[in-house]
Amino acid sequence: MNHLIAPSILAADFANLQRDIEMINNSEADWFHVDVMDGMFVPNISFGFPIVKATKQHATKPLDVHLMIVDPDRYLKDFAEAGADSITVHFEACPHLHRTVQVIKQLGCRAGVAINPATPTAMLKDIIADLDMVLVMSVNPGFGGQKFIEHTYTKIAEVKAMSANSNPNLYIEVDGGVSNQNIAKLIEAGANVFVAGNSVFSAADQSAEIAQLKRS
Ligand code: DX5
Ligand code: ZN
């Protein structure tokens, strides 16, 4: 599978959101990564339904919604209705993960599960066959622009090995500190979806930066 690039709108200019969405529409990016933070699961609040809906209105590519919220079951239907094409919940936030994953699928969305840097990949063993995507966090969730955690390479390789037989088409996404400096090594480790916030939006030529990530 060719790898996918999902720029994170968390790093966009919210006063010019439509302009930044158009930039992504016109670039080689594949998905929009949409980071929802509740100030409880993570120590930051980003945005909720109005921004997701507004993004959906203008985006011509799928919305990859990453829920960094406690008890996400309360809002799965609302995010699906707001336009999510995939919904990723955190392993650490879901006591009944199997049920949560089934609900996401019943809503017609791709189902993803994210693991924090300190959560072992082995925790996914009994759910990995049911998933469309595993998101390996390469920073502690909550903020853009953080430093990439090197141990991520090992975790990606573990997820890749774990899914090889049971779920060979699994999307393995990496989120946090991804740039043209580390994407080649992440691909080699087995990742195939790349979230990029700061590396794209702080670039002088944002769509050229996306093109370079895509060509790695
Ligand atoms: C972090 C978010 C990320 C963030 C990545 O909690 O989940 O998606 O936007 O931003 P960068 O690429 O700047 O690390
Ligand atoms: Zn994210």
# chains A, B, ... in the order shown; residues from 1 in each chain; ligands from 1
call {"tool": "select_by_dssp", "arguments": {"residues": "segment 34-207 of chain A", "states": "strand (DSSP E)", "output": "JSON, numbers by chain"}}
result
{"A": [34, 35, 36, 37, 63, 64, 65, 66, 67, 68, 86, 87, 88, 89, 90, 110, 111, 112, 113, 114, 115, 133, 134, 135, 136, 137, 171, 172, 173, 174, 175, 193, 194, 195, 196]}
call {"tool": "write_last_selection", "arguments": {"atoms": "N, CA, C and O atoms", "output": "compact mmCIF listing (two decimals), in the first residue's frame"}}
result
# COMPACT_ATOMS: atom_id res chain seq x y z
N VAL A 34 -8.14 15.33 12.23
CA VAL A 34 -8.94 16.28 13.01
C VAL A 34 -8.82 15.89 14.49
O VAL A 34 -9.34 14.86 14.92
N ASP A 35 -8.11 16.72 15.26
CA ASP A 35 -7.78 16.40 16.66
C ASP A 35 -8.77 17.02 17.63
O ASP A 35 -8.79 18.24 17.81
N VAL A 36 -9.57 16.19 18.29
CA VAL A 36 -10.55 16.69 19.25
C VAL A 36 -10.04 16.41 20.66
O VAL A 36 -9.78 15.25 21.02
N MET A 37 -9.87 17.45 21.46
CA MET A 37 -9.33 17.34 22.82
C MET A 37 -10.31 17.96 23.81
O MET A 37 -10.85 19.04 23.54
N LEU A 63 -12.28 12.78 6.41
CA LEU A 63 -11.93 13.31 7.74
C LEU A 63 -11.55 12.16 8.66
O LEU A 63 -12.35 11.26 8.93
N ASP A 64 -10.33 12.23 9.17
CA ASP A 64 -9.76 11.23 10.08
C ASP A 64 -9.81 11.84 11.49
O ASP A 64 -8.96 12.64 11.85
N VAL A 65 -10.87 11.50 12.23
CA VAL A 65 -11.12 12.19 13.51
C VAL A 65 -10.48 11.42 14.66
O VAL A 65 -10.76 10.23 14.87
N HIS A 66 -9.61 12.09 15.38
CA HIS A 66 -8.85 11.51 16.50
C HIS A 66 -9.42 12.08 17.80
O HIS A 66 -9.24 13.26 18.10
N LEU A 67 -10.13 11.21 18.53
CA LEU A 67 -10.80 11.67 19.75
C LEU A 67 -9.91 11.49 20.97
O LEU A 67 -9.71 10.36 21.44
N MET A 68 -9.41 12.59 21.48
CA MET A 68 -8.63 12.56 22.73
C MET A 68 -9.56 13.04 23.83
O MET A 68 -9.41 14.13 24.39
N SER A 86 -13.31 8.38 9.49
CA SER A 86 -12.78 7.42 10.46
C SER A 86 -12.84 8.05 11.83
O SER A 86 -12.74 9.28 11.96
N ILE A 87 -13.06 7.20 12.83
CA ILE A 87 -13.06 7.67 14.21
C ILE A 87 -12.06 6.82 14.98
O ILE A 87 -12.16 5.58 15.00
N THR A 88 -11.10 7.50 15.59
CA THR A 88 -10.09 6.82 16.40
C THR A 88 -10.30 7.21 17.85
O THR A 88 -10.34 8.39 18.19
N VAL A 89 -10.45 6.19 18.70
CA VAL A 89 -10.59 6.41 20.14
C VAL A 89 -9.31 5.94 20.81
O VAL A 89 -8.55 5.15 20.24
N HIS A 90 -9.08 6.40 22.03
CA HIS A 90 -7.89 5.96 22.76
C HIS A 90 -8.18 4.70 23.55
O HIS A 90 -9.20 4.62 24.26
N ARG A 110 -14.64 4.11 9.54
CA ARG A 110 -13.48 3.26 9.84
C ARG A 110 -13.20 3.37 11.32
O ARG A 110 -13.27 4.48 11.88
N ALA A 111 -12.85 2.24 11.95
CA ALA A 111 -12.61 2.25 13.39
C ALA A 111 -11.11 2.18 13.69
O ALA A 111 -10.43 1.26 13.24
N GLY A 112 -10.64 3.16 14.47
CA GLY A 112 -9.23 3.19 14.86
C GLY A 112 -9.08 3.19 16.36
O GLY A 112 -9.96 3.69 17.09
N VAL A 113 -7.97 2.63 16.84
CA VAL A 113 -7.64 2.70 18.26
C VAL A 113 -6.23 3.26 18.38
O VAL A 113 -5.30 2.80 17.70
N ALA A 114 -6.10 4.27 19.25
CA ALA A 114 -4.81 4.91 19.49
C ALA A 114 -4.22 4.41 20.79
O ALA A 114 -4.95 4.15 21.75
N ILE A 115 -2.88 4.29 20.82
CA ILE A 115 -2.20 3.97 22.08
C ILE A 115 -1.18 5.07 22.39
O ILE A 115 -0.43 5.52 21.53
N MET A 133 -7.76 0.54 11.81
CA MET A 133 -6.54 1.33 11.98
C MET A 133 -6.05 1.27 13.43
O MET A 133 -6.85 1.25 14.37
N VAL A 134 -4.73 1.23 13.56
CA VAL A 134 -4.09 1.45 14.87
C VAL A 134 -3.29 2.74 14.75
O VAL A 134 -2.59 2.96 13.76
N LEU A 135 -3.46 3.62 15.74
CA LEU A 135 -2.71 4.88 15.75
C LEU A 135 -1.67 4.79 16.87
O LEU A 135 -2.03 4.68 18.05
N VAL A 136 -0.41 4.81 16.50
CA VAL A 136 0.66 4.77 17.49
C VAL A 136 1.07 6.22 17.77
O VAL A 136 1.57 6.92 16.88
N MET A 137 0.81 6.67 18.99
CA MET A 137 1.18 8.05 19.35
C MET A 137 2.70 8.13 19.52
O MET A 137 3.29 7.37 20.29
N TYR A 171 -4.48 -0.19 8.60
CA TYR A 171 -3.78 1.09 8.54
C TYR A 171 -3.00 1.24 9.84
O TYR A 171 -3.57 1.08 10.93
N ILE A 172 -1.72 1.53 9.73
CA ILE A 172 -0.89 1.78 10.92
C ILE A 172 -0.45 3.25 10.84
O ILE A 172 0.36 3.62 9.98
N GLU A 173 -1.05 4.05 11.70
CA GLU A 173 -0.88 5.50 11.64
C GLU A 173 0.07 5.96 12.74
O GLU A 173 0.03 5.43 13.86
N VAL A 174 0.87 6.95 12.43
CA VAL A 174 1.76 7.51 13.45
C VAL A 174 1.49 9.00 13.55
O VAL A 174 1.26 9.68 12.55
N ASP A 175 1.46 9.48 14.78
CA ASP A 175 0.97 10.85 15.05
C ASP A 175 1.84 11.53 16.10
O ASP A 175 1.90 11.10 17.25
N VAL A 193 0.24 5.42 7.43
CA VAL A 193 -0.52 6.68 7.47
C VAL A 193 0.23 7.64 8.38
O VAL A 193 0.58 7.28 9.52
N PHE A 194 0.45 8.86 7.90
CA PHE A 194 1.29 9.82 8.62
C PHE A 194 0.55 11.11 8.89
O PHE A 194 0.16 11.81 7.95
N VAL A 195 0.39 11.41 10.15
CA VAL A 195 -0.19 12.70 10.55
C VAL A 195 0.96 13.70 10.57
O VAL A 195 2.05 13.39 11.04
N ALA A 196 0.72 14.89 10.06
CA ALA A 196 1.75 15.93 10.11
C ALA A 196 1.08 17.27 10.38
O ALA A 196 0.23 17.71 9.60
call {"tool": "residues_around", "arguments": {"residues": "segment 154-159 of chain A", "least_positions_apart": "5", "cutoff": "7 Å", "atoms": "only C-alpha atoms", "output": "list in words"}}
result
Thr121, Val136, Ala189, Gly190 and Ala191 of chain A
call {"tool": "write_last_selection", "arguments": {"atoms": "C-alpha atoms", "output": "mmCIF file, in the first residue's frame"}}
result
data_model
loop_
_atom_site.group_PDB
_atom_site.id
_atom_site.type_symbol
_atom_site.label_atom_id
_atom_site.label_comp_id
_atom_site.auth_asym_id
_atom_site.auth_seq_id
_atom_site.Cartn_x
_atom_site.Cartn_y
_atom_site.Cartn_z
ATOM 1 C CA THR A 121 1.317 -2.697 21.796
ATOM 2 C CA VAL A 136 0.664 4.774 17.489
ATOM 3 C CA ALA A 189 9.177 0.115 10.353
ATOM 4 C CA GLY A 190 5.721 -0.566 8.876
ATOM 5 C CA ALA A 191 3.637 2.607 9.259
#
call {"tool": "select_by_dssp", "arguments": {"residues": "segment 19-211 of chain A", "states": "helix (DSSP H, G or I)", "output": "PyMOL selection string"}}
result
chain A and resi 19-25+49-58+72-82+91-93+97-106+121-124+128-130+152-163+183-189+198-201+206-211
call {"tool": "residues_around", "arguments": {"residues": "His58 of chain A", "least_positions_apart": "4", "cutoff": "10 Å", "atoms": "only C-alpha atoms", "output": "PyMOL selection string"}}
result
chain A and resi 17-19+21-22+25+53-54
call {"tool": "closest_residue", "arguments": {"among": "A:Phe201, A:Phe41, A:Phe91, A:Phe14", "to": "Ser179 of chain A", "atoms": "only C-alpha atoms"}}
result
A:Phe201
call {"tool": "atom_distance", "arguments": {"atom1": "atom CA of Gly145 of chain A", "atom2": "atom CA of Asp20 of chain A"}}
result
17.7 Å
call {"tool": "atom_distance", "arguments": {"atom1": "atom CA of Ile51 of chain A", "atom2": "atom CA of Gly108 of chain A"}}
result
20.7 Å
call {"tool": "residues_near_ligand", "arguments": {"ligand": "ligand 1", "cutoff": "6 Å", "atoms": "only C-alpha atoms and all ligand atoms", "output": "PyMOL selection string"}}
result
chain A and resi 8+10+35+141-146+175-178+196-198
call {"tool": "closest_residue", "arguments": {"among": "A:Leu107, A:Met23, A:Ala122, A:Val139", "to": "ligand 2", "atoms": "only C-alpha atoms and all ligand atoms"}}
result
A:Val139
call {"tool": "closest_residue", "arguments": {"among": "A:Thr152, A:Cys94, A:Val101, A:Glu28", "to": "Lys185 of chain A", "atoms": "only C-alpha atoms"}}
result
A:Thr152
call {"tool": "closest_residue", "arguments": {"among": "A:Phe49, A:Pro120, A:Ile127, A:Leu76", "to": "His98 of chain A", "atoms": "only C-alpha atoms"}}
result
A:Ile127
call {"tool": "closest_residue", "arguments": {"among": "A:Ile187, A:Pro117, A:Ala12, A:Ser138", "to": "ligand 2", "atoms": "only C-alpha atoms and all ligand atoms"}}
result
A:Ser138
call {"tool": "closest_residue", "arguments": {"among": "A:Ala204, A:Ala11, A:Leu4, A:Ala129", "to": "ligand 2", "atoms": "only C-alpha atoms and all ligand atoms"}}
result
A:Ala11
call {"tool": "atom_distance", "arguments": {"atom1": "atom CA of Lys61 of chain A", "atom2": "atom CA of Ser163 of chain A"}}
result
26.5 Å
call {"tool": "decode", "arguments": {"residues": "segment 111-172 of chain A", "atoms": "C-alpha atoms", "output": "PDB file, in the first residue's frame"}}
result
ATOM      1  CA  ALA A 111     -12.609   2.252  13.393  1.00  0.00           C
ATOM      2  CA  GLY A 112      -9.231   3.187  14.856  1.00  0.00           C
ATOM      3  CA  VAL A 113      -7.639   2.702  18.260  1.00  0.00           C
ATOM      4  CA  ALA A 114      -4.805   4.913  19.485  1.00  0.00           C
ATOM      5  CA  ILE A 115      -2.202   3.974  22.083  1.00  0.00           C
ATOM      6  CA  ASN A 116      -0.224   6.467  24.145  1.00  0.00           C
ATOM      7  CA  PRO A 117       3.581   6.269  24.243  1.00  0.00           C
ATOM      8  CA  ALA A 118       3.557   4.301  27.538  1.00  0.00           C
ATOM      9  CA  THR A 119       0.879   1.796  26.470  1.00  0.00           C
ATOM     10  CA  PRO A 120       2.361  -1.516  25.256  1.00  0.00           C
ATOM     11  CA  THR A 121       1.317  -2.697  21.796  1.00  0.00           C
ATOM     12  CA  ALA A 122       0.452  -6.075  23.360  1.00  0.00           C
ATOM     13  CA  MET A 123      -2.721  -4.461  24.763  1.00  0.00           C
ATOM     14  CA  LEU A 124      -4.117  -4.556  21.204  1.00  0.00           C
ATOM     15  CA  LYS A 125      -3.701  -8.303  20.728  1.00  0.00           C
ATOM     16  CA  ASP A 126      -7.359  -9.228  21.243  1.00  0.00           C
ATOM     17  CA  ILE A 127      -8.848  -6.339  19.259  1.00  0.00           C
ATOM     18  CA  ILE A 128      -6.429  -5.892  16.347  1.00  0.00           C
ATOM     19  CA  ALA A 129      -8.344  -8.222  13.988  1.00  0.00           C
ATOM     20  CA  ASP A 130     -11.459  -6.031  14.384  1.00  0.00           C
ATOM     21  CA  LEU A 131      -9.759  -2.728  13.615  1.00  0.00           C
ATOM     22  CA  ASP A 132      -9.377  -0.684  10.458  1.00  0.00           C
ATOM     23  CA  MET A 133      -6.543   1.329  11.980  1.00  0.00           C
ATOM     24  CA  VAL A 134      -4.087   1.451  14.870  1.00  0.00           C
ATOM     25  CA  LEU A 135      -2.711   4.880  15.754  1.00  0.00           C
ATOM     26  CA  VAL A 136       0.664   4.774  17.489  1.00  0.00           C
ATOM     27  CA  MET A 137       1.181   8.054  19.354  1.00  0.00           C
ATOM     28  CA  SER A 138       4.753   9.260  18.907  1.00  0.00           C
ATOM     29  CA  VAL A 139       4.270  12.131  21.413  1.00  0.00           C
ATOM     30  CA  ASN A 140       2.101  12.384  24.509  1.00  0.00           C
ATOM     31  CA  PRO A 141      -1.222  13.558  23.113  1.00  0.00           C
ATOM     32  CA  GLY A 142      -2.453  17.063  23.810  1.00  0.00           C
ATOM     33  CA  PHE A 143      -0.296  19.441  21.821  1.00  0.00           C
ATOM     34  CA  GLY A 144       1.149  19.907  18.364  1.00  0.00           C
ATOM     35  CA  GLY A 145       4.802  20.662  17.768  1.00  0.00           C
ATOM     36  CA  GLN A 146       6.310  18.198  20.277  1.00  0.00           C
ATOM     37  CA  LYS A 147       9.463  16.143  19.913  1.00  0.00           C
ATOM     38  CA  PHE A 148       9.132  12.702  18.309  1.00  0.00           C
ATOM     39  CA  ILE A 149       9.696   9.789  20.741  1.00  0.00           C
ATOM     40  CA  GLU A 150      12.268   7.387  19.260  1.00  0.00           C
ATOM     41  CA  HIS A 151      10.794   4.230  20.820  1.00  0.00           C
ATOM     42  CA  THR A 152       7.918   4.608  18.329  1.00  0.00           C
ATOM     43  CA  TYR A 153       9.842   2.708  15.626  1.00  0.00           C
ATOM     44  CA  THR A 154       9.859  -0.432  17.778  1.00  0.00           C
ATOM     45  CA  LYS A 155       6.157  -0.101  18.533  1.00  0.00           C
ATOM     46  CA  ILE A 156       5.240   0.277  14.872  1.00  0.00           C
ATOM     47  CA  ALA A 157       7.228  -2.827  13.987  1.00  0.00           C
ATOM     48  CA  GLU A 158       5.402  -4.693  16.765  1.00  0.00           C
ATOM     49  CA  VAL A 159       1.981  -3.618  15.472  1.00  0.00           C
ATOM     50  CA  LYS A 160       2.999  -4.580  11.943  1.00  0.00           C
ATOM     51  CA  ALA A 161       4.104  -8.048  13.093  1.00  0.00           C
ATOM     52  CA  MET A 162       1.011  -8.499  15.246  1.00  0.00           C
ATOM     53  CA  SER A 163      -1.320  -7.666  12.340  1.00  0.00           C
ATOM     54  CA  ALA A 164       0.534  -9.534   9.568  1.00  0.00           C
ATOM     55  CA  ASN A 165      -1.658 -12.638   9.694  1.00  0.00           C
ATOM     56  CA  SER A 166      -4.871 -11.468  11.305  1.00  0.00           C
ATOM     57  CA  ASN A 167      -5.265  -8.086   9.570  1.00  0.00           C
ATOM     58  CA  PRO A 168      -2.788  -7.495   6.719  1.00  0.00           C
ATOM     59  CA  ASN A 169      -4.665  -4.438   5.367  1.00  0.00           C
ATOM     60  CA  LEU A 170      -4.567  -2.602   8.686  1.00  0.00           C
ATOM     61  CA  TYR A 171      -3.779   1.094   8.543  1.00  0.00           C
ATOM     62  CA  ILE A 172      -0.886   1.784  10.921  1.00  0.00           C
TER      63      ILE A 172
END
